Amino acid sequence: MRLSVQLYTLRDALSQDVAGTLKALKDAGLDYVEMAGDYGKSASEWKAMLDEFGLQISGSHIGIDQIENDFAKVVADAKTLNNPYVIVPWIGPDTYAAGWDAFGKRLDAIGAKLRAEGLTLCYHNHDFEFANPVDGKAGLTVLYENASPENLQAEIDCAWVQIGGQDPAAFVSGLSGRVPLVHLKDFDPSATPQWTPAGQGKVDYEALIPACRAAGAKFACIELDQS
């Protein structure tokens, strides 16, 4: 399991200086980044900067509408960046209004198209996927039951799982073999803001890290929601 950092964490710095921020990450000892937005740079420009600083892409957050409506560019950019994972980062309520089963089937179809291009689709959760269980099952569980592992993999955000009332280590274990990516995020509801560095909040990382390794996670991605 390799360490990456979700660039959303550094969005303020990136909005001022993309190259300088990437260099600082490399200087801090990181080798991988997970993209979220392009900050006005093309995929080729990003690739040149990443190569310059010796960084690689572990995945990229891309909105579902962009994936569906600009599929050719999403694929071309991923291939330019040597990005293996196209990750749906967030959805609005309208997207799953027809049910988590229907949304799972929609993701399955998108994932099949991406797989034909040599790419892997992942879904990144929040906590709303655990509200209003269906027959005792979390919406996130129903989603994965309605998409094949070949077409849809998971990026489990461990803090959001716990905020949603689940045990992150157990949830990751339940998707063993289907969780190439995890977000190492943490929270403390008594603090303002509630987000804390991983291991300094309520998530039990002593149990979580071994569970992620056992489940086959390839990348553990640092994320802090405030920039």
# chains A, B, ... in the order shown; residues from 1 in each chain; ligands from 1
>>> closest_atom_pairs(of="stretch 43-103 of chain A", to="stretch 156-164 of chain A", cutoff="12 Å", atoms="only C-alpha atoms", output="JSON lines")
{"residue": "A:Ile87", "atom": "CA", "partner": "A:Ile156", "partner_atom": "CA", "distance": 10.9}
{"residue": "A:Val88", "atom": "CA", "partner": "A:Ile156", "partner_atom": "CA", "distance": 11.6}
{"residue": "A:Pro89", "atom": "CA", "partner": "A:Asp157", "partner_atom": "CA", "distance": 10.2}
{"residue": "A:Trp90", "atom": "CA", "partner": "A:Asp157", "partner_atom": "CA", "distance": 11.5}
>>> write_last_selection(atoms="all heavy atoms", output="compact mmCIF listing (two decimals), in the first residue's frame")
# COMPACT_ATOMS: atom_id res chain seq x y z
N ILE A 87 -12.25 8.43 -10.73
CA ILE A 87 -13.00 8.35 -9.48
C ILE A 87 -14.15 9.36 -9.48
O ILE A 87 -13.93 10.56 -9.63
CB ILE A 87 -12.07 8.63 -8.28
CG1 ILE A 87 -10.84 7.72 -8.32
CG2 ILE A 87 -12.83 8.47 -6.96
CD1 ILE A 87 -9.65 8.29 -7.55
N VAL A 88 -15.37 8.86 -9.30
CA VAL A 88 -16.52 9.76 -9.11
C VAL A 88 -16.46 10.26 -7.67
O VAL A 88 -16.60 9.48 -6.72
CB VAL A 88 -17.85 9.02 -9.38
CG1 VAL A 88 -19.04 9.93 -9.04
CG2 VAL A 88 -17.93 8.55 -10.82
N PRO A 89 -16.28 11.58 -7.46
CA PRO A 89 -16.00 12.08 -6.11
C PRO A 89 -17.21 12.42 -5.27
O PRO A 89 -17.14 12.42 -4.04
CB PRO A 89 -15.18 13.34 -6.38
CG PRO A 89 -15.73 13.85 -7.68
CD PRO A 89 -16.10 12.62 -8.48
N TRP A 90 -18.34 12.74 -5.94
CA TRP A 90 -19.52 13.23 -5.21
C TRP A 90 -20.69 13.23 -6.18
O TRP A 90 -20.51 13.42 -7.38
CB TRP A 90 -19.28 14.64 -4.68
CG TRP A 90 -20.44 15.21 -3.91
CD1 TRP A 90 -20.70 15.04 -2.58
CD2 TRP A 90 -21.50 16.03 -4.41
NE1 TRP A 90 -21.87 15.68 -2.23
CE2 TRP A 90 -22.38 16.30 -3.35
CE3 TRP A 90 -21.81 16.54 -5.68
CZ2 TRP A 90 -23.52 17.08 -3.50
CZ3 TRP A 90 -22.95 17.31 -5.84
CH2 TRP A 90 -23.79 17.58 -4.74
>>> residues_around(residues="A:Ser15", least_positions_apart="3", cutoff="12 Å", atoms="only C-alpha atoms", output="MDAnalysis selection string")
chainID A and resid 7:12 18:22 36:41 227
>>> select_by_dssp(residues="stretch 137-218 of chain A", states="helix (DSSP H, G or I)", output="PyMOL selection string")
chain A and resi 139-145+158-163+168-174+205-214
>>> residues_around(residues="A:Val182", least_positions_apart="5", cutoff="9 Å", atoms="only C-alpha atoms", output="PDB file with N, CA and C atoms, in the first residue's frame")
ATOM      1  N   HIS A 124     -16.188   7.314  -4.804  1.00  0.00           N
ATOM      2  CA  HIS A 124     -15.756   7.841  -3.504  1.00  0.00           C
ATOM      3  C   HIS A 124     -16.986   8.242  -2.696  1.00  0.00           C
ATOM      4  N   ALA A 154     -13.962   0.549  -5.440  1.00  0.00           N
ATOM      5  CA  ALA A 154     -14.287   1.497  -4.364  1.00  0.00           C
ATOM      6  C   ALA A 154     -13.079   2.330  -3.964  1.00  0.00           C
ATOM      7  N   GLU A 155     -13.339   3.607  -3.750  1.00  0.00           N
ATOM      8  CA  GLU A 155     -12.415   4.445  -2.982  1.00  0.00           C
ATOM      9  C   GLU A 155     -13.154   4.770  -1.683  1.00  0.00           C
ATOM     10  N   ILE A 156     -12.783   4.097  -0.605  1.00  0.00           N
ATOM     11  CA  ILE A 156     -13.492   4.256   0.656  1.00  0.00           C
ATOM     12  C   ILE A 156     -12.903   5.415   1.447  1.00  0.00           C
ATOM     13  N   ASP A 157     -13.741   6.417   1.706  1.00  0.00           N
ATOM     14  CA  ASP A 157     -13.356   7.525   2.582  1.00  0.00           C
ATOM     15  C   ASP A 157     -13.697   7.107   4.006  1.00  0.00           C
ATOM     16  N   CYS A 158     -12.647   6.806   4.756  1.00  0.00           N
ATOM     17  CA  CYS A 158     -12.823   6.135   6.049  1.00  0.00           C
ATOM     18  C   CYS A 158     -13.521   7.012   7.085  1.00  0.00           C
ATOM     19  N   VAL A 172     -14.354  -1.772   4.956  1.00  0.00           N
ATOM     20  CA  VAL A 172     -13.294  -2.067   3.992  1.00  0.00           C
ATOM     21  C   VAL A 172     -13.129  -3.582   3.838  1.00  0.00           C
ATOM     22  N   CYS A 212      -7.075  -2.376   5.576  1.00  0.00           N
ATOM     23  CA  CYS A 212      -6.858  -1.885   4.212  1.00  0.00           C
ATOM     24  C   CYS A 212      -5.836  -2.743   3.489  1.00  0.00           C
ATOM     25  N   ALA A 217      -5.795  -2.886  -0.695  1.00  0.00           N
ATOM     26  CA  ALA A 217      -5.685  -1.483  -1.096  1.00  0.00           C
ATOM     27  C   ALA A 217      -4.295  -1.198  -1.659  1.00  0.00           C
ATOM     28  N   LYS A 218      -4.263  -0.516  -2.799  1.00  0.00           N
ATOM     29  CA  LYS A 218      -2.995  -0.175  -3.439  1.00  0.00           C
ATOM     30  C   LYS A 218      -2.485   1.192  -3.007  1.00  0.00           C
ATOM     31  N   PHE A 219      -3.423   2.123  -2.781  1.00  0.00           N
ATOM     32  CA  PHE A 219      -3.045   3.480  -2.398  1.00  0.00           C
ATOM     33  C   PHE A 219      -3.860   3.943  -1.196  1.00  0.00           C
ATOM     34  N   ALA A 220      -3.167   4.516  -0.226  1.00  0.00           N
ATOM     35  CA  ALA A 220      -3.796   5.182   0.903  1.00  0.00           C
ATOM     36  C   ALA A 220      -3.554   6.675   0.722  1.00  0.00           C
ATOM     37  N   CYS A 221      -4.630   7.416   0.587  1.00  0.00           N
ATOM     38  CA  CYS A 221      -4.540   8.806   0.174  1.00  0.00           C
ATOM     39  C   CYS A 221      -4.856   9.748   1.341  1.00  0.00           C
ATOM     40  N   ILE A 222      -3.908  10.596   1.673  1.00  0.00           N
ATOM     41  CA  ILE A 222      -4.095  11.590   2.736  1.00  0.00           C
ATOM     42  C   ILE A 222      -5.069  12.667   2.257  1.00  0.00           C
TER      43      ILE A 222
END
>>> closest_residue(among="A:Glu150, A:Asp225, A:Asp51, A:Glu129", to="A:Leu107", atoms="only C-alpha atoms")
A:Glu150
>>> select_by_dssp(residues="stretch 70-199 of chain A", states="strand (DSSP E or B)", output="PyMOL selection string")
chain A and resi 85-88+120-124+134+137+153-157+181-184+186-187+195-196
>>> write_last_selection(atoms="N, CA, C and O atoms", output="short mmCIF file (atom, residue, chain, number, x, y, z; two decimals), in the first residue's frame")
data_model
loop_
_atom_site.label_atom_id
_atom_site.label_comp_id
_atom_site.auth_asym_id
_atom_site.auth_seq_id
_atom_site.Cartn_x
_atom_site.Cartn_y
_atom_site.Cartn_z
N TYR A 85 -7.00 5.22 -12.37
CA TYR A 85 -8.29 5.23 -11.68
C TYR A 85 -9.05 6.54 -11.94
O TYR A 85 -8.59 7.62 -11.60
N VAL A 86 -10.23 6.40 -12.53
CA VAL A 86 -11.16 7.51 -12.71
C VAL A 86 -12.18 7.40 -11.58
O VAL A 86 -12.89 6.40 -11.47
N ILE A 87 -12.25 8.43 -10.73
CA ILE A 87 -13.00 8.35 -9.48
C ILE A 87 -14.15 9.36 -9.48
O ILE A 87 -13.93 10.56 -9.63
N VAL A 88 -15.37 8.86 -9.30
CA VAL A 88 -16.52 9.76 -9.11
C VAL A 88 -16.46 10.26 -7.67
O VAL A 88 -16.60 9.48 -6.72
N THR A 120 -9.97 2.07 -14.79
CA THR A 120 -10.84 1.52 -13.74
C THR A 120 -11.66 2.64 -13.12
O THR A 120 -11.12 3.68 -12.72
N LEU A 121 -12.98 2.42 -13.03
CA LEU A 121 -13.88 3.37 -12.39
C LEU A 121 -13.97 3.06 -10.91
O LEU A 121 -14.13 1.91 -10.50
N CYS A 122 -13.89 4.10 -10.09
CA CYS A 122 -14.09 3.98 -8.64
C CYS A 122 -15.14 4.99 -8.19
O CYS A 122 -15.36 6.01 -8.85
N TYR A 123 -15.76 4.70 -7.06
CA TYR A 123 -16.72 5.63 -6.45
C TYR A 123 -16.23 6.00 -5.07
O TYR A 123 -15.87 5.13 -4.27
N HIS A 124 -16.19 7.31 -4.80
CA HIS A 124 -15.76 7.84 -3.50
C HIS A 124 -16.99 8.24 -2.70
O HIS A 124 -17.81 9.04 -3.14
N VAL A 134 -31.71 0.46 2.95
CA VAL A 134 -32.70 -0.28 2.16
C VAL A 134 -32.70 -1.73 2.64
O VAL A 134 -31.71 -2.44 2.48
N LYS A 137 -29.77 -2.54 4.54
CA LYS A 137 -28.48 -2.38 3.87
C LYS A 137 -28.22 -0.91 3.56
O LYS A 137 -29.11 -0.18 3.12
N GLN A 153 -15.00 -0.25 -8.83
CA GLN A 153 -14.22 -0.47 -7.63
C GLN A 153 -14.52 0.65 -6.63
O GLN A 153 -15.26 1.59 -6.93
N ALA A 154 -13.96 0.55 -5.44
CA ALA A 154 -14.29 1.50 -4.36
C ALA A 154 -13.08 2.33 -3.96
O ALA A 154 -11.96 1.82 -3.87
N GLU A 155 -13.34 3.61 -3.75
CA GLU A 155 -12.42 4.45 -2.98
C GLU A 155 -13.15 4.77 -1.68
O GLU A 155 -14.07 5.60 -1.67
N ILE A 156 -12.78 4.10 -0.61
CA ILE A 156 -13.49 4.26 0.66
C ILE A 156 -12.90 5.41 1.45
O ILE A 156 -11.71 5.41 1.78
N ASP A 157 -13.74 6.42 1.71
CA ASP A 157 -13.36 7.52 2.58
C ASP A 157 -13.70 7.11 4.01
O ASP A 157 -14.86 7.04 4.40
N LEU A 181 -8.33 1.84 -3.43
CA LEU A 181 -8.02 3.17 -2.91
C LEU A 181 -8.77 3.43 -1.62
O LEU A 181 -9.95 3.10 -1.51
N VAL A 182 -8.09 4.03 -0.65
CA VAL A 182 -8.76 4.51 0.57
C VAL A 182 -8.32 5.93 0.85
O VAL A 182 -7.20 6.32 0.51
N HIS A 183 -9.20 6.70 1.46
CA HIS A 183 -8.86 8.05 1.91
C HIS A 183 -8.58 8.00 3.40
O HIS A 183 -9.46 7.63 4.19
N LEU A 184 -7.37 8.37 3.77
CA LEU A 184 -7.00 8.46 5.17
C LEU A 184 -7.39 9.84 5.68
O LEU A 184 -6.64 10.80 5.60
N ASP A 186 -9.69 11.92 8.92
CA ASP A 186 -10.09 11.74 10.31
C ASP A 186 -10.87 12.96 10.76
O ASP A 186 -10.84 14.02 10.11
N PHE A 187 -11.59 12.80 11.87
CA PHE A 187 -12.46 13.89 12.33
C PHE A 187 -12.61 13.80 13.85
O PHE A 187 -12.43 12.75 14.46
N TRP A 195 -12.34 18.38 11.00
CA TRP A 195 -11.35 17.54 10.32
C TRP A 195 -10.00 17.62 11.01
O TRP A 195 -9.53 18.70 11.34
N THR A 196 -9.37 16.47 11.18
CA THR A 196 -8.06 16.40 11.82
C THR A 196 -7.14 15.53 10.95
O THR A 196 -7.62 14.73 10.14
#
>>> closest_residue(among="A:Glu223, A:Lys113, A:Ala169, A:Pro149", to="A:Met35", atoms="only C-alpha atoms")
A:Glu223
>>> residues_around(residues="A:Asn82", least_positions_apart="4", cutoff="10 Å", atoms="only C-alpha atoms", output="list in words")
Lys47, Gln56, Ile57, Ser58, Gly59, Ala76, Asp77, Ala78 and Leu119 of chain A
>>> decode(residues="stretch 145-198 of chain A", atoms="C-alpha atoms", output="mmCIF file, in the first residue's frame")
data_model
loop_
_atom_site.group_PDB
_atom_site.id
_atom_site.type_symbol
_atom_site.label_atom_id
_atom_site.label_comp_id
_atom_site.auth_asym_id
_atom_site.auth_seq_id
_atom_site.Cartn_x
_atom_site.Cartn_y
_atom_site.Cartn_z
ATOM 1 C CA GLU A 145 -24.233 -5.129 -5.244
ATOM 2 C CA ASN A 146 -25.638 -3.723 -8.487
ATOM 3 C CA ALA A 147 -22.327 -3.238 -10.280
ATOM 4 C CA SER A 148 -19.774 -5.896 -11.094
ATOM 5 C CA PRO A 149 -16.339 -5.676 -9.419
ATOM 6 C CA GLU A 150 -14.803 -5.660 -12.897
ATOM 7 C CA ASN A 151 -16.634 -2.445 -13.750
ATOM 8 C CA LEU A 152 -16.751 -0.616 -10.411
ATOM 9 C CA GLN A 153 -14.216 -0.475 -7.626
ATOM 10 C CA ALA A 154 -14.287 1.497 -4.364
ATOM 11 C CA GLU A 155 -12.415 4.445 -2.982
ATOM 12 C CA ILE A 156 -13.492 4.256 0.656
ATOM 13 C CA ASP A 157 -13.356 7.525 2.582
ATOM 14 C CA CYS A 158 -12.823 6.135 6.049
ATOM 15 C CA ALA A 159 -13.917 9.188 8.036
ATOM 16 C CA TRP A 160 -17.181 9.537 6.118
ATOM 17 C CA VAL A 161 -17.922 5.838 6.701
ATOM 18 C CA GLN A 162 -17.645 6.356 10.443
ATOM 19 C CA ILE A 163 -19.650 9.592 10.352
ATOM 20 C CA GLY A 164 -22.291 7.546 8.527
ATOM 21 C CA GLY A 165 -22.468 5.183 11.502
ATOM 22 C CA GLN A 166 -20.352 2.301 10.204
ATOM 23 C CA ASP A 167 -17.027 0.774 11.272
ATOM 24 C CA PRO A 168 -14.477 1.752 8.586
ATOM 25 C CA ALA A 169 -12.236 -1.300 9.112
ATOM 26 C CA ALA A 170 -15.192 -3.674 8.884
ATOM 27 C CA PHE A 171 -16.626 -1.902 5.835
ATOM 28 C CA VAL A 172 -13.294 -2.067 3.992
ATOM 29 C CA SER A 173 -12.974 -5.742 4.908
ATOM 30 C CA GLY A 174 -16.456 -6.409 3.530
ATOM 31 C CA LEU A 175 -15.324 -5.127 0.135
ATOM 32 C CA SER A 176 -12.020 -7.029 0.161
ATOM 33 C CA GLY A 177 -10.501 -7.244 -3.286
ATOM 34 C CA ARG A 178 -12.594 -4.317 -4.473
ATOM 35 C CA VAL A 179 -10.918 -1.431 -2.612
ATOM 36 C CA PRO A 180 -7.802 -0.294 -4.483
ATOM 37 C CA LEU A 181 -8.018 3.171 -2.912
ATOM 38 C CA VAL A 182 -8.760 4.505 0.569
ATOM 39 C CA HIS A 183 -8.859 8.048 1.909
ATOM 40 C CA LEU A 184 -6.995 8.462 5.170
ATOM 41 C CA LYS A 185 -9.159 11.154 6.691
ATOM 42 C CA ASP A 186 -10.086 11.743 10.311
ATOM 43 C CA PHE A 187 -12.455 13.885 12.334
ATOM 44 C CA ASP A 188 -13.246 15.035 15.836
ATOM 45 C CA PRO A 189 -16.814 16.326 16.256
ATOM 46 C CA SER A 190 -15.773 18.333 19.327
ATOM 47 C CA ALA A 191 -13.332 20.422 17.256
ATOM 48 C CA THR A 192 -13.945 23.278 14.814
ATOM 49 C CA PRO A 193 -13.410 22.484 12.043
ATOM 50 C CA GLN A 194 -14.011 18.814 12.746
ATOM 51 C CA TRP A 195 -11.352 17.539 10.317
ATOM 52 C CA THR A 196 -8.063 16.400 11.815
ATOM 53 C CA PRO A 197 -4.930 14.721 10.443
ATOM 54 C CA ALA A 198 -5.334 10.956 10.148
#
